[in-house]
Structures are given as C-alpha cells and as structure tokens.
$ cat work_2.cif   # mmCIF, N, CA and C atoms
data_entry
loop_
_atom_site.label_atom_id
_atom_site.label_comp_id
_atom_site.auth_asym_id
_atom_site.auth_seq_id
_atom_site.Cartn_x
_atom_site.Cartn_y
_atom_site.Cartn_z
N MET A 27 66.97 57.35 108.19
CA MET A 27 66.34 56.44 109.11
C MET A 27 65.58 57.21 110.18
N ALA A 28 66.21 58.18 110.80
CA ALA A 28 65.54 58.94 111.85
C ALA A 28 64.41 59.79 111.28
N THR A 29 64.63 60.34 110.09
CA THR A 29 63.61 61.20 109.49
C THR A 29 62.39 60.40 109.06
N ILE A 30 62.61 59.33 108.32
CA ILE A 30 61.47 58.52 107.87
C ILE A 30 60.79 57.87 109.06
N GLY A 31 61.59 57.44 110.03
CA GLY A 31 61.02 56.80 111.20
C GLY A 31 60.28 57.76 112.11
N TRP A 32 61.01 58.69 112.71
CA TRP A 32 60.42 59.50 113.78
C TRP A 32 59.85 60.83 113.32
N LEU A 33 60.31 61.40 112.23
CA LEU A 33 59.74 62.67 111.78
C LEU A 33 58.48 62.43 110.95
N ILE A 34 58.55 61.46 110.04
CA ILE A 34 57.40 61.17 109.18
C ILE A 34 56.47 60.15 109.84
N GLY A 35 57.01 59.29 110.70
CA GLY A 35 56.19 58.34 111.43
C GLY A 35 55.96 57.01 110.74
N VAL A 36 56.92 56.58 109.91
CA VAL A 36 56.76 55.32 109.19
C VAL A 36 57.04 54.13 110.11
N PHE A 37 58.10 54.22 110.91
CA PHE A 37 58.39 53.15 111.86
C PHE A 37 58.95 53.78 113.12
N PRO A 38 58.44 53.43 114.28
CA PRO A 38 57.24 52.62 114.42
C PRO A 38 56.04 53.35 113.83
N ALA A 39 55.22 52.61 113.18
CA ALA A 39 54.11 53.18 112.40
C ALA A 39 53.26 54.14 113.24
N GLY A 40 53.05 55.32 112.67
CA GLY A 40 52.15 56.29 113.27
C GLY A 40 52.73 57.07 114.44
N LYS A 41 53.98 56.86 114.79
CA LYS A 41 54.58 57.57 115.93
C LYS A 41 55.57 58.60 115.41
N GLN A 42 55.30 59.86 115.74
CA GLN A 42 56.17 60.95 115.33
C GLN A 42 56.69 61.64 116.58
N ASP A 43 57.99 61.93 116.60
CA ASP A 43 58.60 62.55 117.76
C ASP A 43 59.87 63.28 117.30
N ARG A 44 59.78 64.60 117.17
CA ARG A 44 60.92 65.40 116.69
C ARG A 44 62.12 65.31 117.64
N ASP A 45 61.86 65.31 118.94
CA ASP A 45 62.97 65.22 119.89
C ASP A 45 63.68 63.88 119.78
N LEU A 46 62.92 62.81 119.63
CA LEU A 46 63.53 61.50 119.48
C LEU A 46 64.30 61.41 118.17
N ARG A 47 63.80 62.05 117.13
CA ARG A 47 64.54 62.09 115.86
C ARG A 47 65.90 62.73 116.06
N ARG A 48 65.94 63.85 116.79
CA ARG A 48 67.22 64.51 117.05
C ARG A 48 68.15 63.58 117.84
N LYS A 49 67.59 62.88 118.83
CA LYS A 49 68.42 61.96 119.63
C LYS A 49 68.96 60.82 118.77
N VAL A 50 68.13 60.29 117.87
CA VAL A 50 68.59 59.23 116.97
C VAL A 50 69.72 59.75 116.09
N ASN A 51 69.59 60.96 115.57
CA ASN A 51 70.66 61.55 114.76
C ASN A 51 71.95 61.67 115.59
N GLU A 52 71.82 62.11 116.83
CA GLU A 52 73.01 62.24 117.69
C GLU A 52 73.67 60.89 117.91
N VAL A 53 72.87 59.85 118.12
CA VAL A 53 73.42 58.50 118.31
C VAL A 53 74.12 58.03 117.04
N MET A 54 73.52 58.28 115.88
CA MET A 54 74.12 57.86 114.61
C MET A 54 75.46 58.57 114.39
N ILE A 55 75.52 59.85 114.70
CA ILE A 55 76.76 60.61 114.54
C ILE A 55 77.82 60.09 115.51
N ASP A 56 77.43 59.84 116.75
CA ASP A 56 78.36 59.30 117.74
C ASP A 56 78.87 57.93 117.29
N ALA A 57 77.98 57.10 116.77
CA ALA A 57 78.38 55.78 116.28
C ALA A 57 79.37 55.90 115.13
N HIS A 58 79.16 56.88 114.25
CA HIS A 58 80.10 57.08 113.14
C HIS A 58 81.48 57.45 113.68
N ARG A 59 81.54 58.41 114.59
CA ARG A 59 82.83 58.83 115.14
C ARG A 59 83.54 57.66 115.82
N LYS A 60 82.80 56.86 116.59
CA LYS A 60 83.39 55.70 117.26
C LYS A 60 83.85 54.66 116.25
N GLY A 61 83.08 54.50 115.18
CA GLY A 61 83.45 53.57 114.13
C GLY A 61 84.73 54.00 113.43
N VAL A 62 84.86 55.29 113.16
CA VAL A 62 86.08 55.81 112.54
C VAL A 62 87.28 55.48 113.43
N GLU A 63 87.16 55.76 114.72
CA GLU A 63 88.26 55.49 115.66
C GLU A 63 88.61 54.00 115.68
N ALA A 64 87.60 53.14 115.73
CA ALA A 64 87.83 51.70 115.80
C ALA A 64 88.49 51.18 114.53
N ILE A 65 88.04 51.63 113.37
CA ILE A 65 88.64 51.18 112.11
C ILE A 65 90.08 51.65 112.00
N ARG A 66 90.32 52.90 112.36
CA ARG A 66 91.69 53.43 112.28
C ARG A 66 92.62 52.70 113.25
N ALA A 67 92.11 52.31 114.42
CA ALA A 67 92.93 51.57 115.38
C ALA A 67 93.22 50.16 114.88
N ALA A 68 92.24 49.52 114.27
CA ALA A 68 92.40 48.14 113.82
C ALA A 68 93.10 48.02 112.48
N ALA A 69 92.96 49.03 111.63
CA ALA A 69 93.51 48.95 110.27
C ALA A 69 94.07 50.31 109.86
N PRO A 70 95.19 50.70 110.45
CA PRO A 70 95.77 52.01 110.12
C PRO A 70 95.99 52.16 108.61
N GLY A 71 95.69 53.33 108.11
CA GLY A 71 95.89 53.61 106.69
C GLY A 71 94.70 53.30 105.81
N VAL A 72 93.70 52.60 106.34
CA VAL A 72 92.49 52.32 105.56
C VAL A 72 91.63 53.58 105.53
N PRO A 73 91.25 54.05 104.35
CA PRO A 73 90.42 55.25 104.29
C PRO A 73 89.06 55.01 104.96
N VAL A 74 88.65 55.98 105.74
CA VAL A 74 87.39 55.89 106.48
C VAL A 74 86.57 57.14 106.19
N GLY A 75 85.27 56.94 105.96
CA GLY A 75 84.41 58.08 105.70
C GLY A 75 82.95 57.70 105.82
N LEU A 76 82.14 58.48 105.16
CA LEU A 76 80.69 58.34 105.27
C LEU A 76 80.06 58.64 103.91
N THR A 77 79.03 57.91 103.57
CA THR A 77 78.26 58.25 102.38
C THR A 77 76.90 58.77 102.82
N LEU A 78 76.42 59.78 102.12
CA LEU A 78 75.16 60.42 102.46
C LEU A 78 74.24 60.47 101.26
N SER A 79 72.98 60.21 101.49
CA SER A 79 71.96 60.44 100.49
C SER A 79 71.44 61.85 100.73
N MET A 80 71.67 62.73 99.78
CA MET A 80 71.33 64.14 99.95
C MET A 80 70.31 64.56 98.89
N SER A 81 69.81 65.76 99.02
CA SER A 81 68.85 66.29 98.08
C SER A 81 69.39 67.59 97.48
N ASP A 82 68.95 67.89 96.30
CA ASP A 82 69.25 69.19 95.70
C ASP A 82 68.18 70.14 96.23
N HIS A 83 68.47 70.80 97.34
CA HIS A 83 67.50 71.71 97.96
C HIS A 83 67.40 72.98 97.13
N GLN A 84 66.16 73.38 96.83
CA GLN A 84 65.92 74.58 96.03
C GLN A 84 64.88 75.46 96.71
N ALA A 85 65.26 76.71 96.95
CA ALA A 85 64.33 77.68 97.56
C ALA A 85 63.35 78.18 96.51
N VAL A 86 62.09 78.25 96.89
CA VAL A 86 61.03 78.74 96.01
C VAL A 86 60.25 79.80 96.78
N ASP A 87 59.97 80.92 96.13
CA ASP A 87 59.12 81.96 96.71
C ASP A 87 59.48 82.33 98.15
N GLY A 88 60.71 82.76 98.37
CA GLY A 88 61.11 83.22 99.69
C GLY A 88 61.44 82.13 100.68
N GLY A 89 61.76 80.95 100.22
CA GLY A 89 62.01 79.84 101.12
C GLY A 89 63.46 79.63 101.55
N GLN A 90 64.34 80.59 101.26
CA GLN A 90 65.77 80.40 101.53
C GLN A 90 66.07 80.14 103.01
N ALA A 91 65.50 80.93 103.92
CA ALA A 91 65.78 80.74 105.35
C ALA A 91 65.28 79.37 105.81
N ARG A 92 64.10 79.01 105.38
CA ARG A 92 63.55 77.70 105.76
C ARG A 92 64.39 76.58 105.16
N LEU A 93 64.84 76.78 103.92
CA LEU A 93 65.70 75.80 103.26
C LEU A 93 66.96 75.56 104.08
N GLU A 94 67.60 76.63 104.54
CA GLU A 94 68.83 76.49 105.31
C GLU A 94 68.59 75.69 106.58
N SER A 95 67.48 75.93 107.24
CA SER A 95 67.13 75.22 108.47
C SER A 95 66.90 73.73 108.20
N ILE A 96 66.15 73.44 107.16
CA ILE A 96 65.86 72.05 106.81
C ILE A 96 67.13 71.33 106.39
N ARG A 97 67.91 71.97 105.54
CA ARG A 97 69.14 71.34 105.06
C ARG A 97 70.11 71.10 106.21
N HIS A 98 70.14 72.01 107.17
CA HIS A 98 71.03 71.81 108.31
C HIS A 98 70.66 70.53 109.06
N SER A 99 69.39 70.36 109.38
CA SER A 99 68.99 69.19 110.17
C SER A 99 68.99 67.90 109.36
N MET A 100 68.89 68.00 108.05
CA MET A 100 68.86 66.80 107.21
C MET A 100 70.25 66.37 106.72
N GLU A 101 71.16 67.33 106.52
CA GLU A 101 72.44 67.00 105.90
C GLU A 101 73.65 67.60 106.59
N ASP A 102 73.58 68.88 106.92
CA ASP A 102 74.78 69.55 107.43
C ASP A 102 75.32 68.93 108.71
N ILE A 103 74.43 68.46 109.59
CA ILE A 103 74.93 67.85 110.82
C ILE A 103 75.78 66.63 110.52
N TYR A 104 75.45 65.91 109.46
CA TYR A 104 76.23 64.75 109.07
C TYR A 104 77.53 65.17 108.38
N LEU A 105 77.47 66.20 107.56
CA LEU A 105 78.70 66.70 106.92
C LEU A 105 79.67 67.19 107.99
N GLU A 106 79.15 67.89 109.00
CA GLU A 106 80.01 68.37 110.09
C GLU A 106 80.64 67.18 110.83
N ALA A 107 79.92 66.08 110.93
CA ALA A 107 80.42 64.89 111.64
C ALA A 107 81.54 64.19 110.88
N THR A 108 81.75 64.55 109.62
CA THR A 108 82.82 63.91 108.83
C THR A 108 84.15 64.63 108.96
N ALA A 109 84.22 65.66 109.79
CA ALA A 109 85.48 66.38 109.98
C ALA A 109 86.58 65.39 110.37
N GLY A 110 87.64 65.38 109.61
CA GLY A 110 88.74 64.46 109.87
C GLY A 110 88.63 63.13 109.15
N ASP A 111 87.51 62.86 108.51
CA ASP A 111 87.36 61.63 107.73
C ASP A 111 88.21 61.73 106.46
N ASP A 112 88.41 60.60 105.81
CA ASP A 112 89.19 60.57 104.59
C ASP A 112 88.35 60.85 103.34
N PHE A 113 87.05 60.62 103.43
CA PHE A 113 86.19 60.86 102.27
C PHE A 113 84.76 61.09 102.71
N VAL A 114 84.00 61.72 101.83
CA VAL A 114 82.55 61.85 101.96
C VAL A 114 81.97 61.44 100.62
N GLY A 115 81.10 60.45 100.61
CA GLY A 115 80.40 60.04 99.40
C GLY A 115 79.03 60.69 99.39
N VAL A 116 78.58 61.10 98.22
CA VAL A 116 77.29 61.78 98.11
C VAL A 116 76.44 61.12 97.03
N GLN A 117 75.21 60.85 97.38
CA GLN A 117 74.22 60.35 96.43
C GLN A 117 73.08 61.36 96.41
N THR A 118 72.76 61.87 95.25
CA THR A 118 71.66 62.82 95.13
C THR A 118 70.68 62.27 94.11
N TYR A 119 69.51 61.90 94.57
CA TYR A 119 68.53 61.27 93.70
C TYR A 119 67.46 62.21 93.18
N SER A 120 67.21 63.30 93.90
CA SER A 120 66.11 64.17 93.51
C SER A 120 66.34 65.55 94.10
N ARG A 121 65.33 66.35 94.06
CA ARG A 121 65.40 67.68 94.65
C ARG A 121 64.32 67.83 95.71
N THR A 122 64.51 68.81 96.57
CA THR A 122 63.52 69.17 97.57
C THR A 122 63.23 70.65 97.40
N ARG A 123 62.02 70.97 97.02
CA ARG A 123 61.60 72.36 96.85
C ARG A 123 61.09 72.87 98.20
N VAL A 124 61.61 74.04 98.62
CA VAL A 124 61.26 74.57 99.93
C VAL A 124 60.74 75.99 99.78
N GLY A 125 59.54 76.22 100.31
CA GLY A 125 58.96 77.56 100.36
C GLY A 125 59.07 78.12 101.76
N SER A 126 58.52 79.28 101.99
CA SER A 126 58.64 79.93 103.29
C SER A 126 57.96 79.13 104.41
N ASP A 127 57.00 78.27 104.08
CA ASP A 127 56.32 77.46 105.09
C ASP A 127 56.88 76.05 105.19
N GLY A 128 57.87 75.70 104.39
CA GLY A 128 58.47 74.38 104.47
C GLY A 128 58.52 73.68 103.12
N VAL A 129 58.64 72.36 103.17
CA VAL A 129 58.77 71.54 101.96
C VAL A 129 57.49 71.61 101.14
N LEU A 130 57.63 71.87 99.84
CA LEU A 130 56.48 72.06 98.95
C LEU A 130 56.03 70.78 98.26
N GLY A 131 56.88 69.81 98.17
CA GLY A 131 56.53 68.62 97.39
C GLY A 131 56.93 68.84 95.94
N GLY A 132 56.57 67.88 95.12
CA GLY A 132 56.95 67.92 93.72
C GLY A 132 56.27 69.03 92.94
N GLU A 133 56.95 69.45 91.90
CA GLU A 133 56.42 70.49 91.01
C GLU A 133 55.40 69.85 90.07
N GLU A 134 54.30 70.52 89.88
CA GLU A 134 53.26 70.00 88.99
C GLU A 134 53.84 69.75 87.60
N GLY A 135 53.50 68.59 87.05
CA GLY A 135 53.95 68.23 85.72
C GLY A 135 55.27 67.48 85.67
N VAL A 136 55.98 67.40 86.81
CA VAL A 136 57.24 66.66 86.85
C VAL A 136 56.92 65.25 87.33
N PRO A 137 57.28 64.22 86.55
CA PRO A 137 56.95 62.85 86.94
C PRO A 137 57.66 62.45 88.23
N THR A 138 57.07 61.49 88.96
CA THR A 138 57.68 61.00 90.19
C THR A 138 57.97 59.50 90.07
N LEU A 139 58.92 59.07 90.86
CA LEU A 139 59.26 57.66 90.93
C LEU A 139 58.37 56.97 91.97
N VAL A 140 58.47 55.68 92.08
CA VAL A 140 57.62 54.90 92.99
C VAL A 140 57.68 55.43 94.42
N MET A 141 58.86 55.85 94.88
CA MET A 141 59.00 56.33 96.25
C MET A 141 58.54 57.77 96.42
N GLY A 142 58.02 58.39 95.37
CA GLY A 142 57.52 59.74 95.46
C GLY A 142 58.51 60.83 95.10
N TYR A 143 59.76 60.44 94.82
CA TYR A 143 60.76 61.43 94.41
C TYR A 143 60.44 61.94 93.01
N GLU A 144 60.71 63.21 92.80
CA GLU A 144 60.58 63.74 91.45
C GLU A 144 61.64 63.10 90.55
N TYR A 145 61.27 62.80 89.33
CA TYR A 145 62.24 62.39 88.33
C TYR A 145 62.78 63.70 87.77
N TYR A 146 63.80 64.21 88.42
CA TYR A 146 64.29 65.55 88.14
C TYR A 146 65.78 65.49 87.84
N ARG A 147 66.17 66.13 86.76
CA ARG A 147 67.57 66.20 86.41
C ARG A 147 67.97 67.66 86.29
N ARG A 148 68.89 68.05 87.13
CA ARG A 148 69.39 69.43 87.13
C ARG A 148 70.15 69.69 85.83
N ARG A 149 69.89 70.81 85.24
CA ARG A 149 70.51 71.14 83.96
C ARG A 149 71.97 71.58 84.10
N SER A 150 72.34 72.10 85.27
CA SER A 150 73.69 72.59 85.49
C SER A 150 74.35 71.78 86.61
N ARG A 151 75.65 71.68 86.59
CA ARG A 151 76.36 70.97 87.65
C ARG A 151 76.59 71.86 88.86
N ARG A 152 76.30 73.12 88.78
CA ARG A 152 76.51 74.03 89.91
C ARG A 152 75.42 73.82 90.95
N ARG A 153 75.82 73.70 92.18
CA ARG A 153 74.88 73.51 93.29
C ARG A 153 74.38 74.86 93.75
N SER A 154 73.07 74.97 93.93
CA SER A 154 72.50 76.23 94.40
C SER A 154 72.82 76.43 95.87
N GLY A 155 73.11 77.67 96.25
CA GLY A 155 73.35 77.99 97.65
C GLY A 155 74.53 77.26 98.25
N GLY A 156 75.63 77.14 97.50
CA GLY A 156 76.78 76.34 97.89
C GLY A 156 77.18 76.47 99.36
N ARG A 157 77.81 75.44 99.86
CA ARG A 157 78.18 75.39 101.27
C ARG A 157 79.69 75.47 101.48
N GLY A 158 80.45 75.65 100.42
CA GLY A 158 81.87 75.79 100.57
C GLY A 158 82.58 74.52 101.01
N ARG A 159 82.01 73.39 100.72
CA ARG A 159 82.63 72.12 101.10
C ARG A 159 83.05 71.38 99.87
#
$ encode --input "work_2.cif" --output "structure tokens"
Amino acid sequence: MATIGWLIGVFPAGKQDRDLRRKVNEVMIDAHRKGVEAIRAAAPGVPVGLTLSMSDHQAVDGGQARLESIRHSMEDIYLEATAGDDFVGVQTYSRTRVGSDGVLGGEEGVPTLVMGYEYYRRRSRRRSGGRGR
C-alpha cells in the first residue's frame, strides 16, 4: 500500500514522497503490534500473525548490495515486526530482478501478467540469498 501509493505515486495519483512512504510503513507496523496485543488480550490462545506478499529478489550483474537495501525496505522491516507472533504467512507471486542501479524490470522473453508481474516459476525451492528465517 505505501509502496504503490507513495513510492510509485498511484494514490493519491501523481504524488510521490519517499519520507511519507516510510511513515506509512511505520504506522502499519505499529498498527500490527497494537492489533496483536488487542487480539491476545481479547482472545488468549488465538494464533496471531501477519501475511506478506513478497518477491523472489534476484541480483543481476552486481546488484546484490542494492537488492539487500530494496528487500530490507520492502520486506525485512515487516518480518522484523513479526517478532513474537505465532505465524508468518508468505505469498510470492513473481520475482524482482535487481541490478546495481536498482530494479531492472522483467526479463526479455518472459511473459507478464496483467499487473505487469513476470509469469515466472523458480525451478528450485531454495531461496537465493537466504535470510535465516
């Protein structure tokens, strides 16, 4: 929501603000933590967690450092916010190719879906650049 809204500028249309995106992320994380506390207080024993839509980030042509930075701001801050939760759900629909200058977009010849995601299926179940989680 914060990325599509304030980083890409979809809503409000045409307005991009990286600082506001960070603030929105902070509010979302704070809301999650407060929600966990409220649910546990009202319904002890009910599993509480978070589901995330993530990407299979892949470094291309020296993009590893940039990949780590992008993945941190897109996913890791939310994974860190789940400390103490009972579960983390993960949805991975596509991949994000990252070069030394940033996100590269889809690979030539790989079909895309209506939303612009590559129709990409990883051949191995091993995650590149694992995070130990």
$ resolve_selection --input "work_2.cif" --expression "the PyMOL selection byres ((chain A and resi 84) around 7)" --output "PyMOL selection string"
chain A and resi 81-83+85-86+89-90+93+121-125+154
$ residues_near_point --input "work_2.cif" --point "(73.8, 63.3, 107.0)" --cutoff "12 Å" --atoms "only C-alpha atoms" --output "PyMOL selection string"
chain A and resi 27-29+50-52+54-55+58+75-81+96-108+114-117
$ write_last_selection --input "work_2.cif" --atoms "N, CA and C atoms" --output "compact mmCIF listing (two decimals), in the coordinates of the input"
# COMPACT_ATOMS: atom_id res chain seq x y z
N MET A 27 66.97 57.35 108.19
CA MET A 27 66.34 56.44 109.11
C MET A 27 65.58 57.21 110.18
N ALA A 28 66.21 58.18 110.80
CA ALA A 28 65.54 58.94 111.85
C ALA A 28 64.41 59.79 111.28
N THR A 29 64.63 60.34 110.09
CA THR A 29 63.61 61.20 109.49
C THR A 29 62.39 60.40 109.06
N VAL A 50 68.13 60.29 117.87
CA VAL A 50 68.59 59.23 116.97
C VAL A 50 69.72 59.75 116.09
N ASN A 51 69.59 60.96 115.57
CA ASN A 51 70.66 61.55 114.76
C ASN A 51 71.95 61.67 115.59
N GLU A 52 71.82 62.11 116.83
CA GLU A 52 73.01 62.24 117.69
C GLU A 52 73.67 60.89 117.91
N MET A 54 73.52 58.28 115.88
CA MET A 54 74.12 57.86 114.61
C MET A 54 75.46 58.57 114.39
N ILE A 55 75.52 59.85 114.70
CA ILE A 55 76.76 60.61 114.54
C ILE A 55 77.82 60.09 115.51
N HIS A 58 79.16 56.88 114.25
CA HIS A 58 80.10 57.08 113.14
C HIS A 58 81.48 57.45 113.68
N GLY A 75 85.27 56.94 105.96
CA GLY A 75 84.41 58.08 105.70
C GLY A 75 82.95 57.70 105.82
N LEU A 76 82.14 58.48 105.16
CA LEU A 76 80.69 58.34 105.27
C LEU A 76 80.06 58.64 103.91
N THR A 77 79.03 57.91 103.57
CA THR A 77 78.26 58.25 102.38
C THR A 77 76.90 58.77 102.82
N LEU A 78 76.42 59.78 102.12
CA LEU A 78 75.16 60.42 102.46
C LEU A 78 74.24 60.47 101.26
N SER A 79 72.98 60.21 101.49
CA SER A 79 71.96 60.44 100.49
C SER A 79 71.44 61.85 100.73
N MET A 80 71.67 62.73 99.78
CA MET A 80 71.33 64.14 99.95
C MET A 80 70.31 64.56 98.89
N SER A 81 69.81 65.76 99.02
CA SER A 81 68.85 66.29 98.08
C SER A 81 69.39 67.59 97.48
N ILE A 96 66.15 73.44 107.16
CA ILE A 96 65.86 72.05 106.81
C ILE A 96 67.13 71.33 106.39
N ARG A 97 67.91 71.97 105.54
CA ARG A 97 69.14 71.34 105.06
C ARG A 97 70.11 71.10 106.21
N HIS A 98 70.14 72.01 107.17
CA HIS A 98 71.03 71.81 108.31
C HIS A 98 70.66 70.53 109.06
N SER A 99 69.39 70.36 109.38
CA SER A 99 68.99 69.19 110.17
C SER A 99 68.99 67.90 109.36
N MET A 100 68.89 68.00 108.05
CA MET A 100 68.86 66.80 107.21
C MET A 100 70.25 66.37 106.72
N GLU A 101 71.16 67.33 106.52
CA GLU A 101 72.44 67.00 105.90
C GLU A 101 73.65 67.60 106.59
N ASP A 102 73.58 68.88 106.92
CA ASP A 102 74.78 69.55 107.43
C ASP A 102 75.32 68.93 108.71
N ILE A 103 74.43 68.46 109.59
CA ILE A 103 74.93 67.85 110.82
C ILE A 103 75.78 66.63 110.52
N TYR A 104 75.45 65.91 109.46
CA TYR A 104 76.23 64.75 109.07
C TYR A 104 77.53 65.17 108.38
N LEU A 105 77.47 66.20 107.56
CA LEU A 105 78.70 66.70 106.92
C LEU A 105 79.67 67.19 107.99
N GLU A 106 79.15 67.89 109.00
CA GLU A 106 80.01 68.37 110.09
C GLU A 106 80.64 67.18 110.83
N ALA A 107 79.92 66.08 110.93
CA ALA A 107 80.42 64.89 111.64
C ALA A 107 81.54 64.19 110.88
N THR A 108 81.75 64.55 109.62
CA THR A 108 82.82 63.91 108.83
C THR A 108 84.15 64.63 108.96
N VAL A 114 84.00 61.72 101.83
CA VAL A 114 82.55 61.85 101.96
C VAL A 114 81.97 61.44 100.62
N GLY A 115 81.10 60.45 100.61
CA GLY A 115 80.40 60.04 99.40
C GLY A 115 79.03 60.69 99.39
N VAL A 116 78.58 61.10 98.22
CA VAL A 116 77.29 61.78 98.11
C VAL A 116 76.44 61.12 97.03
N GLN A 117 75.21 60.85 97.38
CA GLN A 117 74.22 60.35 96.43
C GLN A 117 73.08 61.36 96.41
$ atom_distance --input "work_2.cif" --atom1 "atom CA of Ala67 of chain A" --atom2 "atom CA of Gly110 of chain A"
14.6 Å
$ residues_around --input "work_2.cif" --residues "Glu134 of chain A" --least-positions-apart "6" --cutoff "12 Å" --atoms "only C-alpha atoms" --output "list in words"
Arg123, Glu144, Tyr145 and Tyr146 of chain A
$ write_last_selection --input "work_2.cif" --atoms "N, CA and C atoms" --output "PDB file, keeping the file's coordinate frame"
ATOM      1  N   ARG A 123      62.020  70.970  97.020  1.00  0.00           N
ATOM      2  CA  ARG A 123      61.600  72.360  96.850  1.00  0.00           C
ATOM      3  C   ARG A 123      61.090  72.870  98.200  1.00  0.00           C
ATOM      4  N   GLU A 144      60.710  63.210  92.800  1.00  0.00           N
ATOM      5  CA  GLU A 144      60.580  63.740  91.450  1.00  0.00           C
ATOM      6  C   GLU A 144      61.640  63.100  90.550  1.00  0.00           C
ATOM      7  N   TYR A 145      61.270  62.800  89.330  1.00  0.00           N
ATOM      8  CA  TYR A 145      62.240  62.390  88.330  1.00  0.00           C
ATOM      9  C   TYR A 145      62.780  63.700  87.770  1.00  0.00           C
ATOM     10  N   TYR A 146      63.800  64.210  88.420  1.00  0.00           N
ATOM     11  CA  TYR A 146      64.290  65.550  88.140  1.00  0.00           C
ATOM     12  C   TYR A 146      65.780  65.490  87.840  1.00  0.00           C
TER      13      TYR A 146
END
$ atom_distance --input "work_2.cif" --atom1 "atom C of Arg47 of chain A" --atom2 "atom C of Lys60 of chain A"
19.7 Å
$ closest_residue --input "work_2.cif" --among "A:Gly132, A:Pro137, A:Pro73, A:Gly61" --to "Asp112 of chain A" --atoms "all atoms listed in the file"
A:Pro73
$ atom_distance --input "work_2.cif" --atom1 "atom N of Ile34 of chain A" --atom2 "atom C of Leu139 of chain A"
18.6 Å
$ select_by_dssp --input "work_2.cif" --residues "chain A" --states "helix (DSSP H, G or I)" --output "ChimeraX atom specification"
/A:28-33,44-68,90-107
